[in-house]
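**Student:** To be precise about what I am sending: the file is called coords_36.pdb and holds PDB, C-alpha atoms and all ligand atoms.
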ATOM      1  CA  MET A 134      84.148 -54.229  77.002
ATOM      2  CA  ASP A 135      84.104 -57.871  76.013
ATOM      3  CA  TRP A 136      83.105 -59.054  72.537
ATOM      4  CA  GLY A 137      79.432 -59.634  73.337
ATOM      5  CA  MET A 138      78.971 -56.206  74.846
ATOM      6  CA  LYS A 139      80.778 -54.527  71.926
ATOM      7  CA  ASN A 140      78.769 -56.533  69.422
ATOM      8  CA  ARG A 141      75.454 -55.577  71.015
ATOM      9  CA  MET A 142      76.481 -51.919  71.328
ATOM     10  CA  SER A 143      77.270 -51.901  67.612
ATOM     11  CA  LYS A 144      73.668 -52.954  66.954
ATOM     12  CA  ILE A 145      72.416 -49.953  68.903
ATOM     13  CA  ILE A 146      74.876 -47.276  67.758
ATOM     14  CA  ARG A 147      75.949 -47.793  64.173
ATOM     15  CA  PRO A 148      79.765 -47.953  64.071
ATOM     16  CA  ASP A 149      79.940 -46.322  60.611
ATOM     17  CA  THR A 150      78.120 -43.140  61.662
ATOM     18  CA  GLY A 151      78.440 -43.314  65.448
ATOM     19  CA  ARG A 152      74.711 -42.603  65.644
ATOM     20  CA  CYS A 153      71.436 -44.361  66.251
ATOM     21  CA  LEU A 154      67.815 -44.152  65.237
ATOM     22  CA  MET A 155      65.924 -46.047  67.918
ATOM     23  CA  LEU A 156      62.179 -46.237  67.440
ATOM     24  CA  ALA A 157      60.360 -45.996  70.791
ATOM     25  CA  ILE A 158      57.062 -47.844  71.106
ATOM     26  CA  ASP A 159      57.152 -48.607  74.835
ATOM     27  CA  HIS A 160      54.670 -45.913  75.892
ATOM     28  CA  GLY A 161      51.911 -48.375  76.744
ATOM     29  CA  TYR A 162      53.880 -49.734  79.716
ATOM     30  CA  PHE A 163      52.395 -47.001  81.882
ATOM     31  CA  LEU A 164      49.991 -45.144  79.539
ATOM     32  CA  GLY A 165      47.986 -48.015  78.144
ATOM     33  CA  PRO A 166      46.779 -47.489  74.566
ATOM     34  CA  THR A 167      48.459 -44.308  73.369
ATOM     35  CA  GLU A 168      47.078 -42.393  70.411
ATOM     36  CA  ARG A 169      48.228 -44.067  67.195
ATOM     37  CA  LEU A 170      49.900 -46.838  69.166
ATOM     38  CA  GLU A 171      46.608 -48.502  70.055
ATOM     39  CA  VAL A 172      47.471 -51.490  67.871
ATOM     40  CA  PRO A 173      51.280 -51.632  68.052
ATOM     41  CA  ARG A 174      51.598 -54.237  65.286
ATOM     42  CA  ARG A 175      49.891 -51.878  62.861
ATOM     43  CA  THR A 176      51.940 -48.861  63.915
ATOM     44  CA  VAL A 177      55.297 -50.569  63.768
ATOM     45  CA  ALA A 178      55.046 -52.680  60.591
ATOM     46  CA  PRO A 179      55.664 -49.911  58.017
ATOM     47  CA  LEU A 180      58.403 -48.332  60.149
ATOM     48  CA  LEU A 181      60.488 -51.417  60.881
ATOM     49  CA  PRO A 182      62.639 -51.246  57.734
ATOM     50  CA  TYR A 183      63.879 -47.779  58.726
ATOM     51  CA  ALA A 184      64.572 -48.246  62.443
ATOM     52  CA  ASP A 185      68.068 -49.160  63.651
ATOM     53  CA  SER A 186      66.498 -50.644  66.772
ATOM     54  CA  LEU A 187      63.148 -50.928  68.481
ATOM     55  CA  MET A 188      62.482 -49.980  72.111
ATOM     56  CA  LEU A 189      59.567 -51.859  73.618
ATOM     57  CA  THR A 190      58.309 -54.172  76.353
ATOM     58  CA  ARG A 191      58.297 -57.948  76.150
ATOM     59  CA  GLY A 192      54.496 -57.974  75.795
ATOM     60  CA  VAL A 193      54.524 -55.871  72.659
ATOM     61  CA  LEU A 194      57.578 -57.670  71.307
ATOM     62  CA  ARG A 195      55.902 -61.065  71.569
ATOM     63  CA  THR A 196      52.577 -59.969  70.135
ATOM     64  CA  SER A 197      53.463 -57.306  67.638
ATOM     65  CA  VAL A 198      56.888 -57.870  66.062
ATOM     66  CA  PRO A 199      57.523 -60.819  63.738
ATOM     67  CA  PRO A 200      60.264 -63.040  65.206
ATOM     68  CA  GLU A 201      61.806 -63.256  61.719
ATOM     69  CA  SER A 202      62.555 -59.566  61.952
ATOM     70  CA  ASN A 203      66.226 -58.696  62.300
ATOM     71  CA  VAL A 204      65.667 -55.422  64.090
ATOM     72  CA  PRO A 205      67.766 -55.195  67.284
ATOM     73  CA  ILE A 206      65.639 -55.070  70.413
ATOM     74  CA  VAL A 207      65.995 -52.560  73.234
ATOM     75  CA  LEU A 208      63.903 -54.224  75.894
ATOM     76  CA  ARG A 209      62.220 -52.022  78.475
ATOM     77  CA  VAL A 210      62.557 -53.905  81.745
ATOM     78  CA  SER A 211      61.395 -51.313  84.276
ATOM     79  CA  GLY A 212      57.791 -50.527  85.106
ATOM     80  CA  ALA A 213      54.941 -51.677  87.362
ATOM     81  CA  THR A 214      53.381 -48.211  87.528
ATOM     82  CA  SER A 215      50.600 -46.533  85.567
ATOM     83  CA  ILE A 216      49.519 -43.021  84.753
ATOM     84  CA  ILE A 217      46.584 -43.350  87.158
ATOM     85  CA  GLY A 218      48.594 -44.937  89.968
ATOM     86  CA  GLU A 219      50.183 -43.396  93.044
ATOM     87  CA  ASP A 220      53.521 -42.257  91.655
ATOM     88  CA  LEU A 221      55.126 -42.932  88.298
ATOM     89  CA  SER A 222      58.581 -42.977  89.825
ATOM     90  CA  LYS A 223      57.819 -46.079  91.895
ATOM     91  CA  GLU A 224      59.276 -48.399  89.262
ATOM     92  CA  THR A 225      60.872 -51.749  89.740
ATOM     93  CA  ILE A 226      62.594 -54.218  87.399
ATOM     94  CA  VAL A 227      59.796 -56.236  85.814
ATOM     95  CA  THR A 228      61.646 -58.504  83.388
ATOM     96  CA  SER A 229      64.501 -60.814  84.331
ATOM     97  CA  ILE A 230      67.846 -60.970  82.587
ATOM     98  CA  GLU A 231      67.132 -64.608  81.599
ATOM     99  CA  GLU A 232      63.933 -63.467  79.891
ATOM    100  CA  ALA A 233      65.848 -60.697  78.090
ATOM    101  CA  ILE A 234      68.369 -63.256  76.846
ATOM    102  CA  LYS A 235      65.565 -65.571  75.688
ATOM    103  CA  LEU A 236      64.078 -62.660  73.770
ATOM    104  CA  ASN A 237      67.453 -61.971  72.188
ATOM    105  CA  ALA A 238      67.576 -58.406  73.499
ATOM    106  CA  SER A 239      70.501 -56.302  72.307
ATOM    107  CA  CYS A 240      70.035 -53.750  75.075
ATOM    108  CA  LEU A 241      68.045 -53.318  78.308
ATOM    109  CA  ALA A 242      66.204 -50.068  79.058
ATOM    110  CA  LEU A 243      65.193 -48.781  82.467
ATOM    111  CA  SER A 244      63.947 -45.423  83.771
ATOM    112  CA  ILE A 245      65.487 -43.416  86.558
ATOM    113  CA  PHE A 246      63.575 -40.586  88.210
ATOM    114  CA  VAL A 247      66.122 -38.178  89.631
ATOM    115  CA  GLY A 248      64.740 -35.762  92.211
ATOM    116  CA  SER A 249      61.536 -37.744  92.648
ATOM    117  CA  LYS A 250      60.070 -39.521  95.678
ATOM    118  CA  TYR A 251      61.438 -42.893  94.570
ATOM    119  CA  GLU A 252      64.769 -41.647  93.231
ATOM    120  CA  HIS A 253      66.790 -44.053  95.377
ATOM    121  CA  GLN A 254      64.763 -47.072  94.300
ATOM    122  CA  THR A 255      65.130 -46.282  90.605
ATOM    123  CA  LEU A 256      68.859 -45.610  90.899
ATOM    124  CA  ALA A 257      69.352 -48.860  92.792
ATOM    125  CA  ASN A 258      67.365 -50.592  90.002
ATOM    126  CA  LEU A 259      69.804 -49.168  87.469
ATOM    127  CA  ALA A 260      72.898 -50.282  89.390
ATOM    128  CA  LYS A 261      71.484 -53.787  89.749
ATOM    129  CA  LEU A 262      70.568 -53.990  86.071
ATOM    130  CA  VAL A 263      74.042 -52.858  85.017
ATOM    131  CA  ASP A 264      75.552 -55.644  87.162
ATOM    132  CA  GLU A 265      73.269 -58.183  85.470
ATOM    133  CA  GLY A 266      73.919 -56.777  82.009
ATOM    134  CA  GLU A 267      77.669 -56.845  82.551
ATOM    135  CA  LYS A 268      77.484 -60.540  83.477
ATOM    136  CA  TYR A 269      75.980 -61.428  80.112
ATOM    137  CA  GLY A 270      77.391 -58.701  77.870
ATOM    138  CA  ILE A 271      74.125 -56.781  77.473
ATOM    139  CA  PRO A 272      74.304 -52.971  77.550
ATOM    140  CA  VAL A 273      71.883 -50.871  79.586
ATOM    141  CA  LEU A 274      70.094 -47.745  78.400
ATOM    142  CA  ALA A 275      69.141 -45.412  81.271
ATOM    143  CA  VAL A 276      66.053 -43.340  80.498
ATOM    144  CA  THR A 277      66.256 -40.158  82.555
ATOM    145  CA  ALA A 278      63.338 -38.291  84.052
ATOM    146  CA  VAL A 279      63.659 -35.471  86.545
ATOM    147  CA  GLY A 280      61.276 -34.574  89.377
ATOM    148  CA  LYS A 281      57.962 -32.926  88.463
ATOM    149  CA  ASP A 282      58.992 -29.545  89.851
ATOM    150  CA  MET A 283      62.388 -29.446  88.202
ATOM    151  CA  ALA A 284      63.123 -27.543  85.032
ATOM    152  CA  ARG A 285      64.150 -29.715  82.143
ATOM    153  CA  ASP A 286      67.322 -27.684  81.755
ATOM    154  CA  ALA A 287      71.000 -28.454  81.377
ATOM    155  CA  ARG A 288      71.506 -28.345  85.142
ATOM    156  CA  TYR A 289      68.948 -30.995  86.101
ATOM    157  CA  LEU A 290      69.143 -33.108  82.953
ATOM    158  CA  GLY A 291      72.928 -32.916  83.175
ATOM    159  CA  LEU A 292      72.791 -34.141  86.761
ATOM    160  CA  ALA A 293      70.481 -37.038  85.906
ATOM    161  CA  CYS A 294      72.602 -38.105  82.914
ATOM    162  CA  ARG A 295      75.834 -37.980  84.885
ATOM    163  CA  VAL A 296      74.365 -40.000  87.748
ATOM    164  CA  ALA A 297      73.179 -42.604  85.217
ATOM    165  CA  ALA A 298      76.628 -42.843  83.645
ATOM    166  CA  GLU A 299      78.334 -43.050  87.040
ATOM    167  CA  LEU A 300      76.096 -45.983  87.966
ATOM    168  CA  GLY A 301      77.310 -47.745  84.841
ATOM    169  CA  ALA A 302      74.689 -47.093  82.147
ATOM    170  CA  HIS A 303      76.180 -47.764  78.703
ATOM    171  CA  VAL A 304      73.860 -45.326  76.914
ATOM    172  CA  VAL A 305      71.717 -42.549  78.390
ATOM    173  CA  LYS A 306      68.529 -41.049  77.048
ATOM    174  CA  THR A 307      67.448 -37.555  77.940
ATOM    175  CA  TYR A 308      65.650 -34.536  76.491
ATOM    176  CA  TYR A 309      67.109 -31.816  74.340
ATOM    177  CA  CYS A 310      67.521 -28.469  76.137
ATOM    178  CA  ASP A 311      69.344 -25.153  75.850
ATOM    179  CA  ASN A 312      73.109 -25.572  76.380
ATOM    180  CA  PHE A 313      72.743 -29.239  75.526
ATOM    181  CA  GLU A 314      76.466 -29.531  74.839
ATOM    182  CA  GLU A 315      77.058 -29.102  78.590
ATOM    183  CA  VAL A 316      74.876 -32.145  79.237
ATOM    184  CA  VAL A 317      76.828 -34.094  76.605
ATOM    185  CA  GLU A 318      80.164 -32.999  78.017
ATOM    186  CA  GLY A 319      79.262 -34.080  81.531
ATOM    187  CA  CYS A 320      78.098 -37.513  80.445
ATOM    188  CA  PRO A 321      80.956 -39.872  79.544
ATOM    189  CA  VAL A 322      78.775 -42.348  77.634
ATOM    190  CA  PRO A 323      76.704 -41.845  74.452
ATOM    191  CA  LEU A 324      73.661 -39.674  74.957
ATOM    192  CA  ILE A 325      70.510 -39.939  72.852
ATOM    193  CA  ILE A 326      67.378 -37.819  72.971
ATOM    194  CA  ALA A 327      63.684 -38.596  73.269
ATOM    195  CA  GLY A 328      61.396 -36.818  70.856
ATOM    196  CA  GLY A 329      58.820 -35.810  73.471
ATOM    197  CA  LYS A 330      55.280 -34.795  72.684
ATOM    198  CA  LYS A 331      54.123 -34.425  69.098
ATOM    199  CA  LEU A 332      55.333 -31.284  67.358
ATOM    200  CA  PRO A 333      54.794 -30.051  63.824
ATOM    201  CA  GLU A 334      57.105 -32.142  61.627
ATOM    202  CA  ALA A 335      59.481 -29.263  60.815
ATOM    203  CA  ASP A 336      59.940 -28.529  64.531
ATOM    204  CA  ALA A 337      60.565 -32.171  65.376
ATOM    205  CA  LEU A 338      63.188 -32.349  62.636
ATOM    206  CA  LYS A 339      64.843 -29.218  63.998
ATOM    207  CA  LEU A 340      64.906 -30.799  67.455
ATOM    208  CA  ALA A 341      66.599 -33.949  66.114
ATOM    209  CA  HIS A 342      69.025 -31.875  64.080
ATOM    210  CA  ASP A 343      69.967 -29.556  66.941
ATOM    211  CA  ALA A 344      70.474 -32.484  69.280
ATOM    212  CA  VAL A 345      72.891 -34.366  67.007
ATOM    213  CA  HIS A 346      74.569 -31.116  65.993
ATOM    214  CA  HIS A 347      75.258 -30.448  69.695
ATOM    215  CA  GLY A 348      76.632 -33.896  70.409
ATOM    216  CA  ALA A 349      73.776 -36.387  70.792
ATOM    217  CA  SER A 350      74.571 -39.841  69.421
ATOM    218  CA  GLY A 351      71.124 -40.051  67.917
ATOM    219  CA  VAL A 352      67.480 -40.279  68.834
ATOM    220  CA  ASP A 353      65.108 -42.589  70.627
ATOM    221  CA  MET A 354      61.990 -41.167  69.054
ATOM    222  CA  GLY A 355      58.386 -42.264  69.275
ATOM    223  CA  ARG A 356      55.419 -39.906  69.028
ATOM    224  CA  ASN A 357      57.028 -37.475  66.617
ATOM    225  CA  ILE A 358      57.321 -40.352  64.185
ATOM    226  CA  TRP A 359      54.212 -42.490  64.617
ATOM    227  CA  GLN A 360      51.805 -39.732  65.582
ATOM    228  CA  SER A 361      52.625 -37.956  62.324
ATOM    229  CA  ASP A 362      50.069 -38.399  59.573
ATOM    230  CA  TRP A 363      53.021 -39.586  57.478
ATOM    231  CA  PRO A 364      55.117 -41.768  59.781
ATOM    232  CA  VAL A 365      57.247 -43.377  57.074
ATOM    233  CA  ALA A 366      58.104 -40.013  55.546
ATOM    234  CA  MET A 367      58.959 -38.747  58.996
ATOM    235  CA  ILE A 368      61.244 -41.628  59.942
ATOM    236  CA  LYS A 369      63.064 -41.293  56.617
ATOM    237  CA  ALA A 370      63.628 -37.590  57.253
ATOM    238  CA  VAL A 371      64.893 -38.227  60.796
ATOM    239  CA  ARG A 372      67.144 -40.924  59.392
ATOM    240  CA  ALA A 373      68.727 -38.456  56.985
ATOM    241  CA  ILE A 374      69.545 -36.148  59.910
ATOM    242  CA  VAL A 375      70.930 -38.909  62.095
ATOM    243  CA  HIS A 376      72.970 -40.849  59.565
ATOM    244  CA  LYS A 377      73.572 -38.414  56.683
ATOM    245  CA  ASP A 378      74.001 -35.174  58.613
ATOM    246  CA  ALA A 379      71.166 -33.604  56.635
ATOM    247  CA  ASP A 380      70.276 -30.079  57.722
ATOM    248  CA  VAL A 381      66.710 -29.176  58.681
ATOM    249  CA  LYS A 382      65.839 -27.857  55.225
ATOM    250  CA  GLU A 383      67.106 -30.991  53.484
ATOM    251  CA  ALA A 384      65.349 -33.237  55.976
ATOM    252  CA  TYR A 385      62.071 -31.369  55.635
ATOM    253  CA  GLY A 386      62.440 -31.631  51.846
ATOM    254  CA  ILE A 387      62.786 -35.400  52.237
ATOM    255  CA  PHE A 388      59.696 -35.428  54.446
ATOM    256  CA  LEU A 389      57.645 -33.511  51.857
ATOM    257  CA  LYS A 390      58.821 -35.721  48.998
ATOM    258  CA  GLU A 391      58.284 -38.981  50.884
ATOM    259  CA  LYS A 392      54.910 -37.796  52.163
ATOM    260  CA  GLU A 393      53.604 -38.019  48.621
ATOM    261  CA  LYS A 394      54.579 -41.690  48.417
ATOM    262  CA  ASP A 395      53.709 -42.611  52.013
ATOM    263  CA  LYS A 396      50.908 -45.114  51.831
ATOM    264  CA  SER A 397      51.092 -45.657  55.586
ATOM    265  CA  GLY A 398      49.551 -42.252  56.268
ATOM    266  CA  GLN A 399      47.196 -42.495  59.224
ATOM    267  CA  LYS A 400      44.649 -39.837  58.526
ATOM    268  CA  GLU A 401      42.516 -41.071  61.400
ATOM    269  CA  PRO A 402      43.767 -42.358  64.746
ATOM    270  CA  GLN A 403      43.405 -46.112  65.198
ATOM    271  CA  LYS A 404      42.071 -45.503  68.641
ATOM    272  CA  VAL A 405      39.181 -47.432  70.035
ATOM    273  CA  VAL A 406      39.417 -46.103  73.583
ATOM    274  CA  LYS A 407      40.157 -42.699  74.998
ATOM    275  CA  THR A 408      43.889 -42.470  75.585
ATOM    276  CA  VAL A 409      45.695 -40.613  78.343
ATOM    277  CA  SER A 410      48.321 -38.038  77.521
ATOM    278  CA  HIS A 411      51.987 -38.553  78.345
ATOM    279  CA  SER A 412      52.774 -37.311  81.819
ATOM    280  CA  PHE A 413      56.521 -36.795  81.345
ATOM    281  CA  ASP A 414      55.922 -33.845  79.038
TER     282      ASP A 414
HETATM  283  C1  LIG B   1      58.398 -43.235  77.745
HETATM  284  O1  LIG B   1      57.230 -43.450  77.451
HETATM  285  C2  LIG B   1      59.446 -43.803  76.957
HETATM  286  O2  LIG B   1      60.705 -43.910  77.513
HETATM  287  C3  LIG B   1      59.541 -43.269  75.539
HETATM  288  O3  LIG B   1      60.202 -44.271  74.877
HETATM  289  C4  LIG B   1      60.278 -41.972  75.363
HETATM  290  O4  LIG B   1      59.641 -40.921  76.012
HETATM  291  C5  LIG B   1      60.575 -41.685  73.882
HETATM  292  O5  LIG B   1      59.427 -41.503  73.177
HETATM  293  P1  LIG B   1      58.962 -40.074  72.669
HETATM  294  O6  LIG B   1      59.863 -39.703  71.532
HETATM  295  O7  LIG B   1      57.554 -40.272  72.250
HETATM  296  O8  LIG B   1      59.126 -39.092  73.808
END
Please lay out the structure from this file as structure tokens.

**Tutor:**
Amino acid sequence: MDWGMKNRMSKIIRPDTGRCLMLAIDHGYFLGPTERLEVPRRTVAPLLPYADSLMLTRGVLRTSVPPESNVPIVLRVSGATSIIGEDLSKETIVTSIEEAIKLNASCLALSIFVGSKYEHQTLANLAKLVDEGEKYGIPVLAVTAVGKDMARDARYLGLACRVAAELGAHVVKTYYCDNFEEVVEGCPVPLIIAGGKKLPEADALKLAHDAVHHGASGVDMGRNIWQSDWPVAMIKAVRAIVHKDADVKEAYGIFLKEKEKDKSGQKEPQKVVKTVSHSFD
């Protein structure tokens, strides 16, 4: 890796802990207004100080994150599908590398849909993006999804992660599953996990804990943070797991303590329109 690539990677995965807490707020790129992410600026503001990086599209970056903010940007550059369209896997690259550079992105994120109708297209997108990223020293995060009929187990997730790494992804995101260490072992680049649909806070903390305990380099978490009634307390608790190796009990203790102080609590959803649920889950 050249200096630029190493420097950007160090903004995504903290060199002192070898881990990352990426806050995902890109859901609107195919879901539209998602519950408690209806007004992204409002959702993200109280969480920014605790996120190592922010995963989002250029539209939300421009409108909802202050340019003075120092948070490293993981720019989602794949899309052009929606939850009500023909097929979610029919993604293409929607943001150019020049645009990513202008936006000072530290990393590019793109989805691959292994085992889906448009598998080939999404894998070719990844290979092309890695070539572009390599030219300018910008790492690529491959977001893995497997076909609708496939179990989210170590076999299929492991396959998707390995394919992503073989095509040159610098970081891979997947889901936690039984025998997760097999997925980690088969993937020669850092692996991070998505949080998935909203769980009770203690369960989400256990998920994050089990993932890092079994070899994940951190989390790229969205709904389990900002759909909590106490998002700041939640991100602080996840942070303790990721960077301080807190166990589930300690992390939940942090959540309960911080919950008392959390003025960002969203007792009511911000939503103004009916939102559609996440189809990957
Ligand atoms: C899909 O919407 C995105 O890649 C999300 O960033 C990803 O699923 C992580 O968010 P969550 O923790 O809500 O699953």

**Student:** How would you write, as a VMD selection string, the set of residues no farther than 7 Å from ligand LIG 1 (chain B) when counting all atoms listed in the file?

**Tutor:** chain A and resid 157 to 160 188 276 327 to 330 353 to 357

**Student:** Spell out the residues picked by the PyMOL selection byres (((chain A and resi 136) around 12) and not hetatm) here, as a list in words.

**Tutor:** Met134, Asp135, Gly137, Met138, Lys139, Asn140, Arg141, Met142, Ser143, Glu267, Tyr269, Gly270, Ile271 and Pro272 of chain A

**Student:** Residues within 9 Å of A:Lys392, please, as a list in words. Count all atoms listed in the file; anything in the same chain fewer than 6 positions from it doesn't count.

**Tutor:**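 The residues satisfying every condition are Asp362, Trp363, Pro364, Val365, Ala366, Met367 and Gly398 of chain A.
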
**Student:** Only C-alpha atoms, please: the residues just picked out, written as a PDB file, in the frame of the given file.

**Tutor:**
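File produced: out-v1.pdb:
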ATOM      1  CA  ASP A 362      50.069 -38.399  59.573  1.00  0.00           C
ATOM      2  CA  TRP A 363      53.021 -39.586  57.478  1.00  0.00           C
ATOM      3  CA  PRO A 364      55.117 -41.768  59.781  1.00  0.00           C
ATOM      4  CA  VAL A 365      57.247 -43.377  57.074  1.00  0.00           C
ATOM      5  CA  ALA A 366      58.104 -40.013  55.546  1.00  0.00           C
ATOM      6  CA  MET A 367      58.959 -38.747  58.996  1.00  0.00           C
ATOM      7  CA  GLY A 398      49.551 -42.252  56.268  1.00  0.00           C
TER       8      GLY A 398
END

**Student:** Let me make sure I understand: among A:Thr150, A:Gln360, A:Asn237, A:Ser249, which one has the smallest atom-to-atom distance to A:Gly280 if we use all atoms listed in the file?

**Tutor:**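 Of all the options, A:Ser249 lies closest to A:Gly280.
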
**Student:** By how many Å are atom CA of A:Ala278 and atom CA of A:Ser244 apart?

**Tutor:** 7.2 Å

**Student:** For the PyMOL selection byres (((chain A and resi 295) around 9) and not hetatm), applied here, can you spell out every residue it catches as number ranges by chain?

**Tutor:** A: 290-294, 296-300, 305, 316, 319-322

**Student:** Taking the file as shown, what set of residues would the PyMOL selection byres (((chain A and resi 351) around 6) and not hetatm) give back, as a list in words?

**Tutor:**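 Answer for the PyMOL selection byres (((chain A and resi 351) around 6) and not hetatm): Arg152, Cys153, Leu154, Ile325, Ala349, Ser350, Val352 and Val375 of chain A.
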